[in-house]
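**Student:** Here it is, the structure, as structure tokens.
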2 protein chains.
Amino acid sequence: MKTTITDVARQAGVSIKTVSRVLNDEPNVAEATRAKVVKAAGELQYAPNLAARGLAGSRSYMLALIYDNPNPSYIAGLQGGAVAACRRKGYRLVLEPMTQAAAEAPDVALTLRRLGVDGVIVSPPLSASDSLLAALADVGLPHVAIASSPIGSVPTVHMDDAEAAHRMTCHLIDHGHGAIGFVAGPDSHPASSRRREGFVRAMTEAGLAVPAVRMAQGDFTFDSGVRAGRTLLSQGGDRPTAIFATNDDMAAGVMAAATEAGFAIPDDLSVGGFDDTPIARMIRPGLTTIAQPIRDMGAAAAMRLIARPVGDGSDADAFGFDLAVRGSTGPAPT
Amino acid sequence: MKTTITDVARQAGVSIKTVSRVLNDEPNVAEATRAKVVKAAGELQYAPNLAARGLAGSRSYMLALIYDNPNPSYIAGLQGGAVAACRRKGYRLVLEPMTQAAAEAPDVALTLRRLGVDGVIVSPPLSASDSLLAALADVGLPHVAIASSPIGSVPTVHMDDAEAAHRMTCHLIDHGHGAIGFVAGPDSHPASSRRREGFVRAMTEAGLAVPAVRMAQGDFTFDSGVRAGRTLLSQGGDRPTAIFATNDDMAAGVMAAATEAGFAIPDDLSVGGFDDTPIARMIRPGLTTIAQPIRDMGAAAAMRLIARPVGDGSDADAFGFDLAVRGSTGPAPT
DNA sequence: TTGTATGCGTTATCAC
DNA sequence: GTGATAACGCATACAA
């Protein structure tokens, strides 16, 4: 038999309401009474029934993480931060993987309703889906988006991808590189265009050209990076001396393509990545990349939902980033 | 205002019990009645209140995944499979990361109680913690362990690590390698000893020596692989011609150490890994490794909990594995 | 085949 | 500062 609040009340010699008060840190409880209750709860190994609490209090103490990201380490970071924040506040995190198609389907609203959570965290690239965001608003489900820039009226936790890309590009330019290749991510991904913006801006500011022949596109996979690398490097004397691939997997692909073509890194070619996933430390030379505080962002997103269930919708948490310099970038060959 | 089962009942012109029957696929409902109810539910975008359902039915329709694994892709696989299975059955998956220390702490029982779930999936290395397993049994929480071999009386979903290690070792032996180095994982990890067993058995069967000098130990990290690689390769003429590192990260480390020391892979040295994580395809040459059906195992674990809430404790699901042969292994140098 | 009444374990509304 | 008691929305005996 499960021990209930009634058992605790009996053991402590008080009413259930008082027990409830103590458990929920409500005011107006004598210190002595509080102690009695805490003691009784401890002895009985009491654990409140969440279903009952949810039913009575009309809160589920659950948050959902909606994601559709093939990058395990990114998701793991987000999850870790969000779970940690949830735990501190007595919440639990439920997983809700969702394809782009499902997010745009007409029945998302019902799917979201069925979740039965108090709020949801939407991670990229789904955080850019207007229809999903609209459905969330429609259903009246509190939500926060993790994105690369503030999104309209949706509470957002973001890191400035454009600024980060700008920084990486400047890093390369500072090392004397003028012919810099760029490997973009898929257009469907919101971060892609932001990163491209940052790159172009830095190049323009430095008076450097951005010819189409040095712009390649990938899909954030290693293989697409290999292909992009081969293409960019097959231009004879006019080849780039540095390539900025907008995620680590693609950057690793570029490095593989470069090595295969006989280029030494960083002596013949510098390569920059984005995300600072584990692979960045596992390839040789180590990959210079952009480190995002993913974990913190996950935690911030959860806290937003927990602390302000009905956000005013106008605020946004901004996070910084770090340029992790490793061996893959160096001076331009002379 | 949320729409409740009462609203649906009114809209359909039936009683709530009938609605309940339809929603839960219970028998004894006229087809016409069923249709009416389904229609009403659809129109009202009805989503059952999970808290109420949980309270009344004394089931939470939630499963928890307990894990403490630094390998994101392993966890992601497990999660993916488990979530998919849960979704098919109307369950949700909540995350419960837990350190080894927390799992062994005296208050785990209370932590587990507070989870408020119908069952938990315990992944390695926690699945080897007797105290955690005992606490689970104590609390009366249905659970299944994901492990490298059946565990006592605990329902287990497992893959034979020893057999897999044996296969990898045979693969190397078949290529003419006799001096094979081995990089073990931490002793605290249950899979470590199993993998060592498989290695030793294969070597012994082939009449090959297993000198201590060719046995190194790591902690499943890339860096520890680098260290182990350096050590194993610093033996002059007696160096191994192949090294079997028992996870991909360490194998990647060994490859880095080998390259650094001037050995070509696979011409001078063959390297085998374990797990088939993304890194295996992202390093050059590609890493020959053991691919586990992680996703399927996660799904199986969830299904066990859902289909047989009170398992009889004696059964276990066994899964196979694949040897993914890539470029890192080849004939022994002559 | 369908409907009525009771209870699940909390929180919340009042009165004391 | 504390305690009865009514919801909360659903499942489930039990009736009809």
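Each chain of the structure tokens is named A, B, ... in the order shown, its residues numbered from 1; ligands are numbered from 1 in display order.
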Can you check which residues of range 71-228 of chain A DSSP gives as strand (DSSP E) on the backbone and send them as a PDB file with N, CA and C atoms, in the first residue's frame?

**Tutor:**
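That gives us states_21.pdb:
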```
ATOM      1  N   ARG A  92       9.541  17.296 -14.066  1.00  0.00           N
ATOM      2  CA  ARG A  92      10.169  16.227 -14.839  1.00  0.00           C
ATOM      3  C   ARG A  92      10.162  16.608 -16.309  1.00  0.00           C
ATOM      4  N   LEU A  93      11.091  16.032 -17.031  1.00  0.00           N
ATOM      5  CA  LEU A  93      11.200  16.357 -18.458  1.00  0.00           C
ATOM      6  C   LEU A  93      10.807  15.151 -19.291  1.00  0.00           C
ATOM      7  N   VAL A  94       9.840  15.339 -20.178  1.00  0.00           N
ATOM      8  CA  VAL A  94       9.466  14.234 -21.056  1.00  0.00           C
ATOM      9  C   VAL A  94       9.945  14.547 -22.474  1.00  0.00           C
ATOM     10  N   LEU A  95      10.309  13.490 -23.165  1.00  0.00           N
ATOM     11  CA  LEU A  95      10.867  13.636 -24.502  1.00  0.00           C
ATOM     12  C   LEU A  95       9.787  13.582 -25.573  1.00  0.00           C
ATOM     13  N   GLU A  96       9.862  14.487 -26.512  1.00  0.00           N
ATOM     14  CA  GLU A  96       8.901  14.475 -27.604  1.00  0.00           C
ATOM     15  C   GLU A  96       9.590  14.729 -28.932  1.00  0.00           C
ATOM     16  N   PRO A  97      10.257  13.708 -29.443  1.00  0.00           N
ATOM     17  CA  PRO A  97      10.878  13.883 -30.757  1.00  0.00           C
ATOM     18  C   PRO A  97       9.782  14.106 -31.785  1.00  0.00           C
ATOM     19  N   GLY A 119       4.426  22.999 -20.052  1.00  0.00           N
ATOM     20  CA  GLY A 119       5.117  23.866 -20.992  1.00  0.00           C
ATOM     21  C   GLY A 119       6.031  23.059 -21.881  1.00  0.00           C
ATOM     22  N   VAL A 120       6.429  23.630 -22.981  1.00  0.00           N
ATOM     23  CA  VAL A 120       7.334  22.895 -23.855  1.00  0.00           C
ATOM     24  C   VAL A 120       8.506  23.753 -24.320  1.00  0.00           C
ATOM     25  N   ILE A 121       9.607  23.077 -24.471  1.00  0.00           N
ATOM     26  CA  ILE A 121      10.818  23.703 -24.985  1.00  0.00           C
ATOM     27  C   ILE A 121      10.951  23.237 -26.433  1.00  0.00           C
ATOM     28  N   VAL A 122      11.057  24.166 -27.336  1.00  0.00           N
ATOM     29  CA  VAL A 122      11.187  23.797 -28.745  1.00  0.00           C
ATOM     30  C   VAL A 122      12.601  24.108 -29.218  1.00  0.00           C
ATOM     31  N   HIS A 143       5.379  28.089 -23.951  1.00  0.00           N
ATOM     32  CA  HIS A 143       6.529  27.503 -24.634  1.00  0.00           C
ATOM     33  C   HIS A 143       7.662  28.495 -24.757  1.00  0.00           C
ATOM     34  N   VAL A 144       8.860  27.964 -24.917  1.00  0.00           N
ATOM     35  CA  VAL A 144       9.999  28.820 -25.196  1.00  0.00           C
ATOM     36  C   VAL A 144      10.800  28.153 -26.301  1.00  0.00           C
ATOM     37  N   ALA A 145      11.285  28.995 -27.186  1.00  0.00           N
ATOM     38  CA  ALA A 145      12.030  28.495 -28.328  1.00  0.00           C
ATOM     39  C   ALA A 145      13.521  28.700 -28.110  1.00  0.00           C
ATOM     40  N   ILE A 146      14.276  27.727 -28.531  1.00  0.00           N
ATOM     41  CA  ILE A 146      15.725  27.880 -28.502  1.00  0.00           C
ATOM     42  C   ILE A 146      16.096  28.180 -29.940  1.00  0.00           C
ATOM     43  N   ALA A 147      16.690  29.306 -30.147  1.00  0.00           N
ATOM     44  CA  ALA A 147      16.921  29.719 -31.526  1.00  0.00           C
ATOM     45  C   ALA A 147      18.179  30.541 -31.697  1.00  0.00           C
ATOM     46  N   THR A 156      12.192  33.505 -26.130  1.00  0.00           N
ATOM     47  CA  THR A 156      13.293  32.827 -26.786  1.00  0.00           C
ATOM     48  C   THR A 156      14.564  32.784 -25.946  1.00  0.00           C
ATOM     49  N   VAL A 157      15.253  31.692 -26.054  1.00  0.00           N
ATOM     50  CA  VAL A 157      16.579  31.574 -25.467  1.00  0.00           C
ATOM     51  C   VAL A 157      17.484  31.458 -26.680  1.00  0.00           C
ATOM     52  N   HIS A 158      18.370  32.384 -26.831  1.00  0.00           N
ATOM     53  CA  HIS A 158      19.143  32.347 -28.063  1.00  0.00           C
ATOM     54  C   HIS A 158      20.613  32.701 -27.930  1.00  0.00           C
ATOM     55  N   MET A 159      21.336  32.304 -28.948  1.00  0.00           N
ATOM     56  CA  MET A 159      22.740  32.617 -29.052  1.00  0.00           C
ATOM     57  C   MET A 159      22.884  33.226 -30.424  1.00  0.00           C
ATOM     58  N   ILE A 180      38.510  32.636 -48.536  1.00  0.00           N
ATOM     59  CA  ILE A 180      37.901  31.745 -47.551  1.00  0.00           C
ATOM     60  C   ILE A 180      36.646  31.082 -48.106  1.00  0.00           C
ATOM     61  N   GLY A 181      36.647  29.761 -48.046  1.00  0.00           N
ATOM     62  CA  GLY A 181      35.480  29.023 -48.522  1.00  0.00           C
ATOM     63  C   GLY A 181      34.461  28.902 -47.404  1.00  0.00           C
ATOM     64  N   PHE A 182      33.218  28.733 -47.779  1.00  0.00           N
ATOM     65  CA  PHE A 182      32.155  28.656 -46.780  1.00  0.00           C
ATOM     66  C   PHE A 182      31.235  27.487 -47.107  1.00  0.00           C
ATOM     67  N   VAL A 183      30.947  26.696 -46.092  1.00  0.00           N
ATOM     68  CA  VAL A 183      30.023  25.583 -46.300  1.00  0.00           C
ATOM     69  C   VAL A 183      28.786  25.832 -45.455  1.00  0.00           C
ATOM     70  N   ALA A 184      27.702  26.149 -46.117  1.00  0.00           N
ATOM     71  CA  ALA A 184      26.448  26.456 -45.421  1.00  0.00           C
ATOM     72  C   ALA A 184      25.695  25.190 -45.051  1.00  0.00           C
ATOM     73  N   MET A 215      31.357  29.391 -52.214  1.00  0.00           N
ATOM     74  CA  MET A 215      30.232  29.101 -51.321  1.00  0.00           C
ATOM     75  C   MET A 215      29.671  27.719 -51.658  1.00  0.00           C
ATOM     76  N   ALA A 216      29.682  26.857 -50.685  1.00  0.00           N
ATOM     77  CA  ALA A 216      29.140  25.515 -50.920  1.00  0.00           C
ATOM     78  C   ALA A 216      27.999  25.276 -49.949  1.00  0.00           C
ATOM     79  N   GLN A 217      27.217  24.271 -50.244  1.00  0.00           N
ATOM     80  CA  GLN A 217      26.113  23.980 -49.337  1.00  0.00           C
ATOM     81  C   GLN A 217      26.122  22.522 -48.943  1.00  0.00           C
TER      82      GLN A 217
END
```

**Student:** What's the 10 Å shell around DT4 in chain C, counting only C-alpha atoms (C1' of nucleotides), without same-chain residues fewer than 2 positions away, as a PyMOL selection string?

**Tutor:** (chain B and resi 15+17) or (chain C and resi 6) or (chain D and resi 14-16)

**Student:** Okay, now the selection with N, CA and C atoms (P, O5', C5', C4', C3', O3' and C1' of nucleotides), as a PDB file, in the first residue's frame?

**Tutor:**
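Output below, filename selection-v4.pdb:
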```pdb
ATOM      1  N   SER B  15     -23.286   8.451 -22.263  1.00  0.00           N
ATOM      2  CA  SER B  15     -22.742   8.659 -20.917  1.00  0.00           C
ATOM      3  C   SER B  15     -21.213   8.662 -20.957  1.00  0.00           C
ATOM      4  N   LYS B  17     -19.281   6.892 -19.350  1.00  0.00           N
ATOM      5  CA  LYS B  17     -18.756   5.533 -19.339  1.00  0.00           C
ATOM      6  C   LYS B  17     -18.580   5.002 -20.759  1.00  0.00           C
TER       7      LYS B  17
ATOM      8  P    DT C   6     -22.961   6.732  -4.474  1.00  0.00           P
ATOM      9  O5'  DT C   6     -21.426   6.302  -4.349  1.00  0.00           O
ATOM     10  C5'  DT C   6     -21.086   4.918  -4.429  1.00  0.00           C
ATOM     11  C4'  DT C   6     -19.595   4.782  -4.642  1.00  0.00           C
ATOM     12  C3'  DT C   6     -18.743   5.693  -3.759  1.00  0.00           C
ATOM     13  O3'  DT C   6     -17.793   4.891  -3.088  1.00  0.00           O
ATOM     14  C1'  DT C   6     -18.033   5.846  -6.001  1.00  0.00           C
TER      15       DT C   6
ATOM     16  P    DC D  14     -18.712  -5.117  -7.281  1.00  0.00           P
ATOM     17  O5'  DC D  14     -20.064  -4.451  -7.810  1.00  0.00           O
ATOM     18  C5'  DC D  14     -20.402  -3.142  -7.350  1.00  0.00           C
ATOM     19  C4'  DC D  14     -21.622  -2.642  -8.084  1.00  0.00           C
ATOM     20  C3'  DC D  14     -22.686  -3.725  -8.347  1.00  0.00           C
ATOM     21  O3'  DC D  14     -23.930  -3.256  -7.862  1.00  0.00           O
ATOM     22  C1'  DC D  14     -22.287  -2.457 -10.289  1.00  0.00           C
ATOM     23  P    DA D  15     -25.075  -4.294  -7.563  1.00  0.00           P
ATOM     24  O5'  DA D  15     -26.223  -3.597  -8.406  1.00  0.00           O
ATOM     25  C5'  DA D  15     -25.848  -2.974  -9.620  1.00  0.00           C
ATOM     26  C4'  DA D  15     -26.794  -1.866  -9.951  1.00  0.00           C
ATOM     27  C3'  DA D  15     -28.187  -2.370 -10.349  1.00  0.00           C
ATOM     28  O3'  DA D  15     -29.137  -1.319 -10.249  1.00  0.00           O
ATOM     29  C1'  DA D  15     -26.943  -1.750 -12.287  1.00  0.00           C
ATOM     30  P    DA D  16     -30.618  -1.643 -10.570  1.00  0.00           P
ATOM     31  O5'  DA D  16     -30.699  -1.434 -12.150  1.00  0.00           O
ATOM     32  C5'  DA D  16     -30.604  -0.105 -12.677  1.00  0.00           C
ATOM     33  C4'  DA D  16     -30.816  -0.159 -14.174  1.00  0.00           C
ATOM     34  C3'  DA D  16     -32.053  -0.961 -14.604  1.00  0.00           C
ATOM     35  O3'  DA D  16     -32.726  -0.232 -15.627  1.00  0.00           O
ATOM     36  C1'  DA D  16     -30.169  -1.684 -15.789  1.00  0.00           C
TER      37       DA D  16
END
```

**Student:** Please provide as a PyMOL selection string all residues within 10 Å of Thr33 in chain B, with the sequence filter that same-chain residues fewer than 2 positions apart are discarded (counting only C-alpha atoms (C1' of nucleotides)).

**Tutor:** (chain B and resi 12-14+18-19+22+29-31+35-39) or (chain C and resi 1-2)

**Student:** Any idea what's packed within 12 Å of Ser188 in chain B, counting only C-alpha atoms (C1' of nucleotides), ignoring anything in its chain fewer than 5 positions away? Could you give it as number ranges by chain?

**Tutor:** B: 100, 124-129, 193-194, 217-220

**Student:** Restricting it to C-alpha atoms, dump the selection as a PDB file, in the first residue's frame.

**Tutor:**
```
ATOM      1  CA  GLN B 100      26.874   6.368  -9.807  1.00  0.00           C
ATOM      2  CA  PRO B 124      24.670   0.696 -18.290  1.00  0.00           C
ATOM      3  CA  PRO B 125      26.751   1.203 -16.303  1.00  0.00           C
ATOM      4  CA  LEU B 126      24.061   1.764 -13.675  1.00  0.00           C
ATOM      5  CA  SER B 127      22.398  -1.491 -14.640  1.00  0.00           C
ATOM      6  CA  ALA B 128      25.263  -3.192 -12.818  1.00  0.00           C
ATOM      7  CA  SER B 129      24.637  -1.429  -9.549  1.00  0.00           C
ATOM      8  CA  SER B 193      35.181  -7.418 -18.328  1.00  0.00           C
ATOM      9  CA  ARG B 194      32.858  -9.094 -20.794  1.00  0.00           C
ATOM     10  CA  GLN B 217      43.366   0.257 -19.676  1.00  0.00           C
ATOM     11  CA  GLY B 218      41.402   3.365 -20.469  1.00  0.00           C
ATOM     12  CA  ASP B 219      38.252   5.016 -19.256  1.00  0.00           C
ATOM     13  CA  PHE B 220      36.279   5.127 -22.515  1.00  0.00           C
TER      14      PHE B 220
END
```

**Student:** Which parts of range 64-233 of chain A does DSSP call alpha helix (DSSP H) when run on the backbone here, written out as a PyMOL selection string?

**Tutor:** chain A and resi 72-88+100-104+108-115+130-139+161-174+190-205+222-233

**Student:** Extract, using only C-alpha atoms (C1' of nucleotides), all DNA, RNA and protein residues at most 7 Å from DG9 in chain C, discarding same-chain residues fewer than 3 positions from it, and format them as a PyMOL selection string.

**Tutor:** chain A and resi 4+49+52

**Student:** Using only C-alpha atoms (C1' of nucleotides), find the one residue out of B:Gly178, B:Gly207, B:Gly42, B:Gly57 that sits nearest to chain D.

**Tutor:**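 Of all the options, B:Gly57 lies closest to chain D.
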
**Student:** Extract, using only C-alpha atoms (C1' of nucleotides), all DNA, RNA and protein residues at most 10 Å from DC10 in chain D, discarding same-chain residues fewer than 6 positions from it, and format them as number ranges by chain.

**Tutor:** B: 4-6, 16-17, 20, 48-57; C: 8

**Student:** Keeping N, CA and C atoms (P, O5', C5', C4', C3', O3' and C1' of nucleotides) for every residue in the selection just given, could you write it to a file as an mmCIF file, in the first residue's frame?

**Tutor:**
```cif
data_model
loop_
_atom_site.group_PDB
_atom_site.id
_atom_site.type_symbol
_atom_site.label_atom_id
_atom_site.label_comp_id
_atom_site.auth_asym_id
_atom_site.auth_seq_id
_atom_site.Cartn_x
_atom_site.Cartn_y
_atom_site.Cartn_z
ATOM 1 N N THR B 4 -13.572 18.132 -21.326
ATOM 2 C CA THR B 4 -13.444 16.899 -20.552
ATOM 3 C C THR B 4 -14.277 15.780 -21.147
ATOM 4 N N ILE B 5 -14.163 14.660 -20.522
ATOM 5 C CA ILE B 5 -14.899 13.509 -21.017
ATOM 6 C C ILE B 5 -16.410 13.774 -20.946
ATOM 7 N N THR B 6 -16.792 14.600 -20.005
ATOM 8 C CA THR B 6 -18.208 14.941 -19.868
ATOM 9 C C THR B 6 -18.697 15.716 -21.085
ATOM 10 N N ILE B 16 -20.633 9.156 -19.912
ATOM 11 C CA ILE B 16 -19.178 9.209 -19.893
ATOM 12 C C ILE B 16 -18.568 7.816 -19.906
ATOM 13 N N LYS B 17 -19.281 6.892 -19.350
ATOM 14 C CA LYS B 17 -18.756 5.533 -19.339
ATOM 15 C C LYS B 17 -18.580 5.002 -20.759
ATOM 16 N N SER B 20 -15.630 6.543 -22.266
ATOM 17 C CA SER B 20 -14.453 5.890 -21.705
ATOM 18 C C SER B 20 -14.194 4.564 -22.419
ATOM 19 N N PRO B 48 -7.568 13.442 -23.348
ATOM 20 C CA PRO B 48 -7.826 12.995 -21.976
ATOM 21 C C PRO B 48 -6.842 13.619 -20.991
ATOM 22 N N ASN B 49 -7.304 13.945 -19.842
ATOM 23 C CA ASN B 49 -6.443 14.481 -18.793
ATOM 24 C C ASN B 49 -5.673 13.324 -18.164
ATOM 25 N N LEU B 50 -4.368 13.368 -18.391
ATOM 26 C CA LEU B 50 -3.542 12.254 -17.945
ATOM 27 C C LEU B 50 -3.473 12.122 -16.437
ATOM 28 N N ALA B 51 -3.520 13.262 -15.771
ATOM 29 C CA ALA B 51 -3.457 13.219 -14.312
ATOM 30 C C ALA B 51 -4.688 12.499 -13.774
ATOM 31 N N ALA B 52 -5.820 12.853 -14.313
ATOM 32 C CA ALA B 52 -7.061 12.228 -13.855
ATOM 33 C C ALA B 52 -7.053 10.741 -14.173
ATOM 34 N N ARG B 53 -6.621 10.429 -15.361
ATOM 35 C CA ARG B 53 -6.562 9.034 -15.750
ATOM 36 C C ARG B 53 -5.612 8.267 -14.835
ATOM 37 N N GLY B 54 -4.493 8.900 -14.557
ATOM 38 C CA GLY B 54 -3.513 8.256 -13.698
ATOM 39 C C GLY B 54 -4.053 8.044 -12.292
ATOM 40 N N LEU B 55 -4.718 9.040 -11.802
ATOM 41 C CA LEU B 55 -5.241 8.954 -10.444
ATOM 42 C C LEU B 55 -6.302 7.862 -10.328
ATOM 43 N N ALA B 56 -7.194 7.858 -11.266
ATOM 44 C CA ALA B 56 -8.277 6.882 -11.217
ATOM 45 C C ALA B 56 -7.783 5.474 -11.526
ATOM 46 N N GLY B 57 -6.924 5.377 -12.494
ATOM 47 C CA GLY B 57 -6.483 4.056 -12.901
ATOM 48 C C GLY B 57 -5.242 3.562 -12.193
ATOM 49 P P DC C 8 -10.322 5.638 -2.202
ATOM 50 O "O5'" DC C 8 -9.015 5.876 -3.058
ATOM 51 C "C5'" DC C 8 -8.662 5.045 -4.162
ATOM 52 C "C4'" DC C 8 -7.941 5.879 -5.185
ATOM 53 C "C3'" DC C 8 -7.090 7.001 -4.573
ATOM 54 O "O3'" DC C 8 -5.753 6.535 -4.418
ATOM 55 C "C1'" DC C 8 -8.336 7.744 -6.516
#
```

**Student:** Distance CA of Glu260 in chain B-CA of Val254 in chain A, one decimal place?

**Tutor:** 20.4 Å

**Student:** Got a sec: who's within 9 Å of Leu172 in chain B, counting only C-alpha atoms (C1' of nucleotides), leaving out chain neighbours fewer than 6 positions off, as a ChimeraX atom specification?

**Tutor:** /B:178,180,242-244,270-272,329-332

**Student:** Keeping N, CA and C atoms for every residue in the selection just given, could you write it to a file as a PDB file, in the first residue's frame?

**Tutor:**
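Dumped to part33.pdb:
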```pdb
ATOM      1  N   GLY B 178      48.875 -11.432 -34.950  1.00  0.00           N
ATOM      2  CA  GLY B 178      49.120 -12.332 -33.829  1.00  0.00           C
ATOM      3  C   GLY B 178      49.425 -11.520 -32.583  1.00  0.00           C
ATOM      4  N   ILE B 180      48.307  -8.717 -30.837  1.00  0.00           N
ATOM      5  CA  ILE B 180      47.179  -7.794 -30.779  1.00  0.00           C
ATOM      6  C   ILE B 180      47.090  -7.103 -29.429  1.00  0.00           C
ATOM      7  N   ALA B 242      48.095  -4.848 -34.350  1.00  0.00           N
ATOM      8  CA  ALA B 242      46.674  -4.491 -34.323  1.00  0.00           C
ATOM      9  C   ALA B 242      46.307  -4.159 -32.886  1.00  0.00           C
ATOM     10  N   ILE B 243      45.364  -3.259 -32.731  1.00  0.00           N
ATOM     11  CA  ILE B 243      44.897  -2.903 -31.389  1.00  0.00           C
ATOM     12  C   ILE B 243      43.378  -2.886 -31.388  1.00  0.00           C
ATOM     13  N   PHE B 244      42.832  -3.562 -30.422  1.00  0.00           N
ATOM     14  CA  PHE B 244      41.374  -3.590 -30.259  1.00  0.00           C
ATOM     15  C   PHE B 244      41.048  -2.724 -29.053  1.00  0.00           C
ATOM     16  N   SER B 270      46.440  -2.093 -37.507  1.00  0.00           N
ATOM     17  CA  SER B 270      44.988  -2.179 -37.641  1.00  0.00           C
ATOM     18  C   SER B 270      44.369  -1.774 -36.313  1.00  0.00           C
ATOM     19  N   VAL B 271      43.212  -1.125 -36.377  1.00  0.00           N
ATOM     20  CA  VAL B 271      42.552  -0.697 -35.139  1.00  0.00           C
ATOM     21  C   VAL B 271      41.067  -1.060 -35.191  1.00  0.00           C
ATOM     22  N   GLY B 272      40.600  -1.664 -34.115  1.00  0.00           N
ATOM     23  CA  GLY B 272      39.185  -2.019 -34.032  1.00  0.00           C
ATOM     24  C   GLY B 272      38.536  -1.270 -32.882  1.00  0.00           C
ATOM     25  N   THR B 329      41.009  -1.656 -40.426  1.00  0.00           N
ATOM     26  CA  THR B 329      41.622  -2.969 -40.224  1.00  0.00           C
ATOM     27  C   THR B 329      41.998  -3.571 -41.562  1.00  0.00           C
ATOM     28  N   GLY B 330      43.143  -4.209 -41.592  1.00  0.00           N
ATOM     29  CA  GLY B 330      43.611  -4.827 -42.821  1.00  0.00           C
ATOM     30  C   GLY B 330      44.609  -5.912 -42.481  1.00  0.00           C
ATOM     31  N   PRO B 331      45.245  -6.500 -43.502  1.00  0.00           N
ATOM     32  CA  PRO B 331      46.209  -7.585 -43.296  1.00  0.00           C
ATOM     33  C   PRO B 331      47.369  -7.122 -42.412  1.00  0.00           C
ATOM     34  N   ALA B 332      47.914  -8.035 -41.675  1.00  0.00           N
ATOM     35  CA  ALA B 332      49.053  -7.713 -40.821  1.00  0.00           C
ATOM     36  C   ALA B 332      50.264  -7.423 -41.700  1.00  0.00           C
TER      37      ALA B 332
END
```

**Student:** For CA of Ala164 in chain A and CA of Ile279 in chain A, determine how far apart the two atoms are, in Å to one decimal place.

**Tutor:**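 CA of Ile279 in chain A lies at a distance of 19.2 Å from CA of Ala164 in chain A.
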
**Student:** Per residue of chain D within 10 Å of chain A, note the shortest atom pair and the distance in Å to one decimal, counting only C-alpha atoms (C1' of nucleotides), and order the rows by chain and increasing residue number, as CSV.

**Tutor:**
```
residue,atom,partner,partner_atom,distance
D:DG1,C1',A:Asn28,CA,5.9
D:DT2,C1',A:Thr18,CA,7.0
D:DG3,C1',A:Ser15,CA,5.9
D:DA4,C1',A:Ser15,CA,9.0
D:DA7,C1',A:Ala56,CA,7.7
D:DC8,C1',A:Ala56,CA,4.8
D:DG9,C1',A:Leu55,CA,7.4
```

**Student:** Would you compute the distance between CA of Ala256 in chain B and CA of Gly286 in chain A? Give it in Å to one decimal.

**Tutor:** 10.6 Å
